[in-house]
file coords-v1.pdb (PDB, C-alpha atoms)
ATOM      1  CA  GLN A  11     -79.291 -92.549  34.568  1.00  0.00           C
ATOM      2  CA  VAL A  12     -78.976 -90.376  37.636  1.00  0.00           C
ATOM      3  CA  GLN A  13     -77.539 -92.248  40.586  1.00  0.00           C
ATOM      4  CA  PHE A  14     -76.101 -91.368  43.959  1.00  0.00           C
ATOM      5  CA  VAL A  15     -74.168 -93.951  45.963  1.00  0.00           C
ATOM      6  CA  GLU A  16     -73.412 -92.984  49.541  1.00  0.00           C
ATOM      7  CA  SER A  17     -71.008 -94.844  51.833  1.00  0.00           C
ATOM      8  CA  GLY A  18     -68.917 -94.474  54.952  1.00  0.00           C
ATOM      9  CA  GLY A  19     -71.539 -94.498  57.672  1.00  0.00           C
ATOM     10  CA  GLY A  20     -71.455 -96.627  60.782  1.00  0.00           C
ATOM     11  CA  LEU A  21     -71.717 -96.743  64.552  1.00  0.00           C
ATOM     12  CA  VAL A  22     -69.483 -94.302  66.398  1.00  0.00           C
ATOM     13  CA  GLN A  23     -69.227 -93.074  69.966  1.00  0.00           C
ATOM     14  CA  PRO A  24     -69.987 -89.457  70.843  1.00  0.00           C
ATOM     15  CA  GLY A  25     -66.989 -87.312  70.011  1.00  0.00           C
ATOM     16  CA  GLY A  26     -65.897 -89.643  67.241  1.00  0.00           C
ATOM     17  CA  SER A  27     -65.429 -89.026  63.528  1.00  0.00           C
ATOM     18  CA  LEU A  28     -66.632 -90.435  60.235  1.00  0.00           C
ATOM     19  CA  ARG A  29     -66.011 -89.585  56.608  1.00  0.00           C
ATOM     20  CA  LEU A  30     -68.872 -90.050  54.187  1.00  0.00           C
ATOM     21  CA  SER A  31     -68.484 -90.371  50.435  1.00  0.00           C
ATOM     22  CA  CYS A  32     -71.005 -89.970  47.634  1.00  0.00           C
ATOM     23  CA  VAL A  33     -70.351 -90.938  44.031  1.00  0.00           C
ATOM     24  CA  ALA A  34     -72.712 -89.039  41.769  1.00  0.00           C
ATOM     25  CA  SER A  35     -73.570 -90.248  38.292  1.00  0.00           C
ATOM     26  CA  ILE A  36     -74.878 -86.961  36.915  1.00  0.00           C
ATOM     27  CA  SER A  37     -73.987 -84.802  33.985  1.00  0.00           C
ATOM     28  CA  ALA A  38     -71.766 -81.761  34.422  1.00  0.00           C
ATOM     29  CA  PHE A  39     -70.895 -82.747  37.961  1.00  0.00           C
ATOM     30  CA  SER A  40     -67.993 -80.329  38.227  1.00  0.00           C
ATOM     31  CA  ILE A  41     -70.175 -77.251  37.829  1.00  0.00           C
ATOM     32  CA  ARG A  42     -73.100 -78.374  39.966  1.00  0.00           C
ATOM     33  CA  ALA A  43     -73.712 -77.284  43.500  1.00  0.00           C
ATOM     34  CA  MET A  44     -73.991 -80.389  45.669  1.00  0.00           C
ATOM     35  CA  GLY A  45     -75.393 -81.001  49.120  1.00  0.00           C
ATOM     36  CA  TRP A  46     -75.403 -83.472  51.948  1.00  0.00           C
ATOM     37  CA  TYR A  47     -78.762 -84.054  53.582  1.00  0.00           C
ATOM     38  CA  ARG A  48     -79.875 -86.162  56.516  1.00  0.00           C
ATOM     39  CA  GLN A  49     -83.087 -87.646  57.828  1.00  0.00           C
ATOM     40  CA  ALA A  50     -83.493 -88.739  61.410  1.00  0.00           C
ATOM     41  CA  PRO A  51     -86.277 -91.134  62.458  1.00  0.00           C
ATOM     42  CA  GLY A  52     -89.617 -89.359  62.543  1.00  0.00           C
ATOM     43  CA  LYS A  53     -88.190 -86.138  61.121  1.00  0.00           C
ATOM     44  CA  GLN A  54     -88.094 -84.464  57.743  1.00  0.00           C
ATOM     45  CA  ARG A  55     -85.002 -84.540  55.605  1.00  0.00           C
ATOM     46  CA  GLU A  56     -82.779 -81.534  56.281  1.00  0.00           C
ATOM     47  CA  LEU A  57     -79.908 -79.889  54.459  1.00  0.00           C
ATOM     48  CA  VAL A  58     -76.599 -80.281  56.285  1.00  0.00           C
ATOM     49  CA  ALA A  59     -73.930 -78.816  54.013  1.00  0.00           C
ATOM     50  CA  THR A  60     -73.490 -77.507  50.484  1.00  0.00           C
ATOM     51  CA  ILE A  61     -70.614 -76.932  48.119  1.00  0.00           C
ATOM     52  CA  THR A  62     -70.622 -75.045  44.837  1.00  0.00           C
ATOM     53  CA  GLY A  63     -68.769 -76.073  41.725  1.00  0.00           C
ATOM     54  CA  GLY A  64     -66.144 -73.515  42.660  1.00  0.00           C
ATOM     55  CA  GLY A  65     -65.719 -74.957  46.140  1.00  0.00           C
ATOM     56  CA  SER A  66     -67.617 -72.441  48.269  1.00  0.00           C
ATOM     57  CA  THR A  67     -69.236 -74.125  51.249  1.00  0.00           C
ATOM     58  CA  ASN A  68     -72.128 -73.520  53.589  1.00  0.00           C
ATOM     59  CA  TYR A  69     -73.334 -75.384  56.677  1.00  0.00           C
ATOM     60  CA  ALA A  70     -76.370 -75.771  58.853  1.00  0.00           C
ATOM     61  CA  ASP A  71     -75.855 -74.083  62.207  1.00  0.00           C
ATOM     62  CA  SER A  72     -76.127 -77.433  63.960  1.00  0.00           C
ATOM     63  CA  VAL A  73     -72.988 -78.793  62.260  1.00  0.00           C
ATOM     64  CA  LYS A  74     -70.940 -75.646  61.693  1.00  0.00           C
ATOM     65  CA  GLY A  75     -67.402 -76.060  62.970  1.00  0.00           C
ATOM     66  CA  ARG A  76     -67.721 -79.855  63.169  1.00  0.00           C
ATOM     67  CA  PHE A  77     -68.480 -80.981  59.597  1.00  0.00           C
ATOM     68  CA  THR A  78     -66.519 -80.250  56.414  1.00  0.00           C
ATOM     69  CA  ILE A  79     -67.853 -80.804  52.904  1.00  0.00           C
ATOM     70  CA  SER A  80     -65.462 -81.232  49.992  1.00  0.00           C
ATOM     71  CA  ARG A  81     -65.467 -82.595  46.457  1.00  0.00           C
ATOM     72  CA  ASP A  82     -63.218 -84.319  43.942  1.00  0.00           C
ATOM     73  CA  ASN A  83     -64.513 -83.450  40.489  1.00  0.00           C
ATOM     74  CA  ALA A  84     -62.190 -85.962  38.814  1.00  0.00           C
ATOM     75  CA  LYS A  85     -63.984 -88.706  40.718  1.00  0.00           C
ATOM     76  CA  ASN A  86     -67.520 -87.237  40.666  1.00  0.00           C
ATOM     77  CA  THR A  87     -67.415 -87.579  44.431  1.00  0.00           C
ATOM     78  CA  VAL A  88     -68.560 -85.438  47.338  1.00  0.00           C
ATOM     79  CA  TYR A  89     -67.278 -86.009  50.873  1.00  0.00           C
ATOM     80  CA  LEU A  90     -68.499 -85.101  54.319  1.00  0.00           C
ATOM     81  CA  GLN A  91     -65.951 -85.178  57.118  1.00  0.00           C
ATOM     82  CA  MET A  92     -67.796 -85.330  60.424  1.00  0.00           C
ATOM     83  CA  ASN A  93     -65.940 -84.663  63.670  1.00  0.00           C
ATOM     84  CA  SER A  94     -67.080 -84.289  67.261  1.00  0.00           C
ATOM     85  CA  LEU A  95     -70.163 -86.310  66.503  1.00  0.00           C
ATOM     86  CA  LYS A  96     -73.170 -86.039  68.785  1.00  0.00           C
ATOM     87  CA  PRO A  97     -76.112 -88.395  69.354  1.00  0.00           C
ATOM     88  CA  GLU A  98     -78.345 -85.862  67.592  1.00  0.00           C
ATOM     89  CA  ASP A  99     -76.302 -86.405  64.410  1.00  0.00           C
ATOM     90  CA  THR A 100     -77.806 -89.892  64.166  1.00  0.00           C
ATOM     91  CA  ALA A 101     -79.599 -90.118  60.814  1.00  0.00           C
ATOM     92  CA  VAL A 102     -79.466 -91.519  57.317  1.00  0.00           C
ATOM     93  CA  TYR A 103     -77.236 -89.264  55.238  1.00  0.00           C
ATOM     94  CA  TYR A 104     -77.839 -88.597  51.532  1.00  0.00           C
ATOM     95  CA  CYS A 105     -76.283 -86.505  48.825  1.00  0.00           C
ATOM     96  CA  ASN A 106     -78.021 -84.774  45.940  1.00  0.00           C
ATOM     97  CA  GLY A 107     -77.772 -81.622  43.957  1.00  0.00           C
ATOM     98  CA  HIS A 108     -78.362 -78.395  45.818  1.00  0.00           C
ATOM     99  CA  ILE A 109     -79.558 -75.609  43.500  1.00  0.00           C
ATOM    100  CA  VAL A 110     -80.877 -78.276  41.131  1.00  0.00           C
ATOM    101  CA  GLN A 111     -82.088 -81.273  43.093  1.00  0.00           C
ATOM    102  CA  PHE A 112     -82.664 -84.543  41.280  1.00  0.00           C
ATOM    103  CA  PRO A 113     -85.876 -86.502  41.967  1.00  0.00           C
ATOM    104  CA  SER A 114     -84.081 -89.805  42.497  1.00  0.00           C
ATOM    105  CA  TRP A 115     -82.217 -90.301  45.767  1.00  0.00           C
ATOM    106  CA  GLY A 116     -79.680 -92.923  46.741  1.00  0.00           C
ATOM    107  CA  GLN A 117     -80.135 -95.378  49.583  1.00  0.00           C
ATOM    108  CA  GLY A 118     -78.156 -93.199  51.907  1.00  0.00           C
ATOM    109  CA  THR A 119     -75.712 -94.258  54.589  1.00  0.00           C
ATOM    110  CA  GLN A 120     -76.692 -94.756  58.212  1.00  0.00           C
ATOM    111  CA  VAL A 121     -74.795 -92.822  60.868  1.00  0.00           C
ATOM    112  CA  THR A 122     -75.445 -93.815  64.468  1.00  0.00           C
ATOM    113  CA  VAL A 123     -73.805 -91.932  67.311  1.00  0.00           C
ATOM    114  CA  SER A 124     -74.183 -93.794  70.559  1.00  0.00           C
ATOM    115  CA  SER A 125     -72.167 -94.966  73.525  1.00  0.00           C
TER     116      SER A 125
END
call {"tool": "encode", "arguments": {"input": "coords-v1.pdb", "output": "structure tokens"}}
result
Amino acid sequence: QVQFVESGGGLVQPGGSLRLSCVASISAFSIRAMGWYRQAPGKQRELVATITGGGSTNYADSVKGRFTISRDNAKNTVYLQMNSLKPEDTAVYYCNGHIVQFPSWGQGTQVTVSS
């Protein structure tokens, strides 16, 4: 059964940092491109960062230079290190496949950036 379990969110002040984790119960995790997505209130879900099975990364312009995506294939886990957080980063963050996206999503983890 496909399952994504996200964690690591919380309330942080502007300029702060958080590290998100996502454990993915999917087949062939190590060769799959994975992505972090986010959905802010009243907005559509957007792609934030991607990482291929080989470790190549790509970022949305809005987070480039501040966020870093990484993976640990031994743990079926994808990470998102978020630095220099801004109020506009406030959203629920999810992970899922990138090239092949699974229909079932996890509950996500809430990130709130506020003073």
call {"tool": "residues_around", "arguments": {"input": "coords-v1.pdb", "residues": "Tyr103 (chain A)", "least_positions_apart": "3", "cutoff": "9 Å", "atoms": "only C-alpha atoms", "output": "number ranges by chain"}}
result
A: 16, 19, 30, 46-50, 100, 117-121
call {"tool": "write_last_selection", "arguments": {"input": "coords-v1.pdb", "atoms": "C-alpha atoms", "output": "mmCIF file, in the frame of the given file"}}
result
data_model
loop_
_atom_site.group_PDB
_atom_site.id
_atom_site.type_symbol
_atom_site.label_atom_id
_atom_site.label_comp_id
_atom_site.auth_asym_id
_atom_site.auth_seq_id
_atom_site.Cartn_x
_atom_site.Cartn_y
_atom_site.Cartn_z
ATOM 1 C CA GLU A 16 -73.412 -92.984 49.541
ATOM 2 C CA GLY A 19 -71.539 -94.498 57.672
ATOM 3 C CA LEU A 30 -68.872 -90.050 54.187
ATOM 4 C CA TRP A 46 -75.403 -83.472 51.948
ATOM 5 C CA TYR A 47 -78.762 -84.054 53.582
ATOM 6 C CA ARG A 48 -79.875 -86.162 56.516
ATOM 7 C CA GLN A 49 -83.087 -87.646 57.828
ATOM 8 C CA ALA A 50 -83.493 -88.739 61.410
ATOM 9 C CA THR A 100 -77.806 -89.892 64.166
ATOM 10 C CA GLN A 117 -80.135 -95.378 49.583
ATOM 11 C CA GLY A 118 -78.156 -93.199 51.907
ATOM 12 C CA THR A 119 -75.712 -94.258 54.589
ATOM 13 C CA GLN A 120 -76.692 -94.756 58.212
ATOM 14 C CA VAL A 121 -74.795 -92.822 60.868
#
call {"tool": "resolve_selection", "arguments": {"input": "coords-v1.pdb", "expression": "the PyMOL selection byres ((chain A and resi 14) around 12)", "output": "ChimeraX atom specification"}}
result
/A:11-13,15-17,31-36,39,44-46,86-88,103-107,111-119
call {"tool": "resolve_selection", "arguments": {"input": "coords-v1.pdb", "expression": "the PyMOL selection byres ((chain A and resi 67-73) around 10)", "output": "PyMOL selection string"}}
result
chain A and resi 43-46+56-66+74-80+92-96+98-99
call {"tool": "closest_residue", "arguments": {"input": "coords-v1.pdb", "among": "A:Leu28, A:Arg42, A:Gly20, A:Ser125", "to": "Ile109 (chain A)", "atoms": "only C-alpha atoms"}}
result
A:Arg42
call {"tool": "atom_distance", "arguments": {"input": "coords-v1.pdb", "atom1": "CA of Gln54 (chain A)", "atom2": "CA of Ala38 (chain A)"}}
result
28.6 Å
call {"tool": "atom_distance", "arguments": {"input": "coords-v1.pdb", "atom1": "CA of His108 (chain A)", "atom2": "CA of Gln91 (chain A)"}}
result
18.1 Å
call {"tool": "atom_distance", "arguments": {"input": "coords-v1.pdb", "atom1": "CA of Gly18 (chain A)", "atom2": "CA of Val102 (chain A)"}}
result
11.2 Å
call {"tool": "closest_residue", "arguments": {"input": "coords-v1.pdb", "among": "A:Ala84, A:Val110, A:Arg55, A:Tyr89", "to": "Arg29 (chain A)", "atoms": "only C-alpha atoms"}}
result
A:Tyr89
call {"tool": "decode", "arguments": {"input": "coords-v1.pdb", "residues": "region 11-41 of chain A", "atoms": "N, CA, C and O atoms", "output": "mmCIF file, in the first residue's frame"}}
result
data_model
loop_
_atom_site.group_PDB
_atom_site.id
_atom_site.type_symbol
_atom_site.label_atom_id
_atom_site.label_comp_id
_atom_site.auth_asym_id
_atom_site.auth_seq_id
_atom_site.Cartn_x
_atom_site.Cartn_y
_atom_site.Cartn_z
ATOM 1 N N GLN A 11 0.843 -1.191 0.000
ATOM 2 C CA GLN A 11 0.000 0.000 0.000
ATOM 3 C C GLN A 11 0.878 1.240 0.000
ATOM 4 O O GLN A 11 1.771 1.387 0.819
ATOM 5 N N VAL A 12 0.591 2.135 -0.924
ATOM 6 C CA VAL A 12 1.367 3.363 -1.028
ATOM 7 C C VAL A 12 1.037 4.271 0.153
ATOM 8 O O VAL A 12 -0.116 4.505 0.474
ATOM 9 N N GLN A 13 2.092 4.791 0.778
ATOM 10 C CA GLN A 13 1.885 5.671 1.918
ATOM 11 C C GLN A 13 3.026 6.660 2.020
ATOM 12 O O GLN A 13 4.191 6.293 1.815
ATOM 13 N N PHE A 14 2.690 7.893 2.305
ATOM 14 C CA PHE A 14 3.671 8.926 2.575
ATOM 15 C C PHE A 14 3.395 9.497 3.962
ATOM 16 O O PHE A 14 2.260 9.863 4.262
ATOM 17 N N VAL A 15 4.431 9.567 4.788
ATOM 18 C CA VAL A 15 4.276 10.108 6.132
ATOM 19 C C VAL A 15 5.253 11.262 6.299
ATOM 20 O O VAL A 15 6.472 11.056 6.380
ATOM 21 N N GLU A 16 4.695 12.463 6.338
ATOM 22 C CA GLU A 16 5.501 13.672 6.463
ATOM 23 C C GLU A 16 5.571 14.116 7.924
ATOM 24 O O GLU A 16 4.598 13.946 8.670
ATOM 25 N N SER A 17 6.697 14.713 8.308
ATOM 26 C CA SER A 17 6.864 15.212 9.667
ATOM 27 C C SER A 17 7.896 16.334 9.677
ATOM 28 O O SER A 17 8.586 16.561 8.676
ATOM 29 N N GLY A 18 7.969 17.018 10.813
ATOM 30 C CA GLY A 18 8.991 18.034 10.991
ATOM 31 C C GLY A 18 8.511 19.471 10.913
ATOM 32 O O GLY A 18 9.297 20.398 11.125
ATOM 33 N N GLY A 19 7.250 19.664 10.598
ATOM 34 C CA GLY A 19 6.732 21.024 10.507
ATOM 35 C C GLY A 19 6.564 21.655 11.877
ATOM 36 O O GLY A 19 6.808 21.036 12.908
ATOM 37 N N GLY A 20 6.151 22.921 11.870
ATOM 38 C CA GLY A 20 5.933 23.618 13.123
ATOM 39 C C GLY A 20 5.812 25.113 12.905
ATOM 40 O O GLY A 20 5.720 25.588 11.770
ATOM 41 N N LEU A 21 5.821 25.830 14.019
ATOM 42 C CA LEU A 21 5.766 27.292 13.996
ATOM 43 C C LEU A 21 7.184 27.837 14.143
ATOM 44 O O LEU A 21 7.899 27.445 15.082
ATOM 45 N N VAL A 22 7.572 28.708 13.254
ATOM 46 C CA VAL A 22 8.924 29.263 13.285
ATOM 47 C C VAL A 22 8.860 30.749 12.934
ATOM 48 O O VAL A 22 7.974 31.167 12.171
ATOM 49 N N GLN A 23 9.765 31.508 13.483
ATOM 50 C CA GLN A 23 9.823 32.935 13.169
ATOM 51 C C GLN A 23 10.460 33.163 11.804
ATOM 52 O O GLN A 23 11.240 32.327 11.330
ATOM 53 N N PRO A 24 10.145 34.275 11.177
ATOM 54 C CA PRO A 24 10.822 34.596 9.902
ATOM 55 C C PRO A 24 12.342 34.562 10.071
ATOM 56 O O PRO A 24 12.877 35.037 11.086
ATOM 57 N N GLY A 25 12.998 33.969 9.090
ATOM 58 C CA GLY A 25 14.441 33.804 9.153
ATOM 59 C C GLY A 25 14.876 32.500 9.780
ATOM 60 O O GLY A 25 16.066 32.158 9.729
ATOM 61 N N GLY A 26 13.940 31.768 10.351
ATOM 62 C CA GLY A 26 14.263 30.511 11.003
ATOM 63 C C GLY A 26 14.395 29.351 10.030
ATOM 64 O O GLY A 26 14.294 29.516 8.811
ATOM 65 N N SER A 27 14.616 28.164 10.600
ATOM 66 C CA SER A 27 14.844 26.962 9.799
ATOM 67 C C SER A 27 13.998 25.807 10.304
ATOM 68 O O SER A 27 13.662 25.739 11.500
ATOM 69 N N LEU A 28 13.686 24.907 9.400
ATOM 70 C CA LEU A 28 13.029 23.649 9.723
ATOM 71 C C LEU A 28 13.559 22.581 8.785
ATOM 72 O O LEU A 28 13.959 22.884 7.652
ATOM 73 N N ARG A 29 13.497 21.337 9.252
ATOM 74 C CA ARG A 29 13.855 20.208 8.403
ATOM 75 C C ARG A 29 12.684 19.249 8.359
ATOM 76 O O ARG A 29 12.294 18.682 9.388
ATOM 77 N N LEU A 30 12.141 19.059 7.179
ATOM 78 C CA LEU A 30 11.022 18.149 6.990
ATOM 79 C C LEU A 30 11.533 16.781 6.553
ATOM 80 O O LEU A 30 12.546 16.681 5.866
ATOM 81 N N SER A 31 10.794 15.756 6.958
ATOM 82 C CA SER A 31 11.103 14.390 6.556
ATOM 83 C C SER A 31 9.855 13.743 5.968
ATOM 84 O O SER A 31 8.737 14.060 6.378
ATOM 85 N N CYS A 32 10.069 12.839 5.041
ATOM 86 C CA CYS A 32 8.956 12.085 4.449
ATOM 87 C C CYS A 32 9.410 10.658 4.249
ATOM 88 O O CYS A 32 10.359 10.396 3.492
ATOM 89 N N VAL A 33 8.734 9.730 4.924
ATOM 90 C CA VAL A 33 8.983 8.308 4.728
ATOM 91 C C VAL A 33 7.992 7.806 3.688
ATOM 92 O O VAL A 33 6.771 7.962 3.855
ATOM 93 N N ALA A 34 8.518 7.221 2.644
ATOM 94 C CA ALA A 34 7.678 6.798 1.516
ATOM 95 C C ALA A 34 7.630 5.282 1.428
ATOM 96 O O ALA A 34 8.676 4.636 1.281
ATOM 97 N N SER A 35 6.451 4.740 1.533
ATOM 98 C CA SER A 35 6.255 3.300 1.375
ATOM 99 C C SER A 35 5.823 3.036 -0.058
ATOM 100 O O SER A 35 4.627 2.924 -0.361
ATOM 101 N N ILE A 36 6.799 2.997 -0.951
ATOM 102 C CA ILE A 36 6.546 2.780 -2.375
ATOM 103 C C ILE A 36 7.612 1.838 -2.901
ATOM 104 O O ILE A 36 8.707 1.759 -2.353
ATOM 105 N N SER A 37 7.277 1.169 -3.966
ATOM 106 C CA SER A 37 8.231 0.235 -4.550
ATOM 107 C C SER A 37 9.316 0.995 -5.299
ATOM 108 O O SER A 37 9.094 2.085 -5.809
ATOM 109 N N ALA A 38 10.484 0.401 -5.351
ATOM 110 C CA ALA A 38 11.605 0.956 -6.118
ATOM 111 C C ALA A 38 11.891 2.405 -5.755
ATOM 112 O O ALA A 38 12.188 3.233 -6.627
ATOM 113 N N PHE A 39 11.857 2.702 -4.487
ATOM 114 C CA PHE A 39 12.043 4.084 -4.049
ATOM 115 C C PHE A 39 13.344 4.668 -4.573
ATOM 116 O O PHE A 39 13.404 5.816 -5.012
ATOM 117 N N SER A 40 14.402 3.884 -4.537
ATOM 118 C CA SER A 40 15.735 4.425 -4.820
ATOM 119 C C SER A 40 15.875 4.934 -6.251
ATOM 120 O O SER A 40 16.766 5.742 -6.520
ATOM 121 N N ILE A 41 15.044 4.487 -7.157
ATOM 122 C CA ILE A 41 15.183 4.934 -8.539
ATOM 123 C C ILE A 41 14.110 5.938 -8.933
ATOM 124 O O ILE A 41 14.106 6.430 -10.064
#
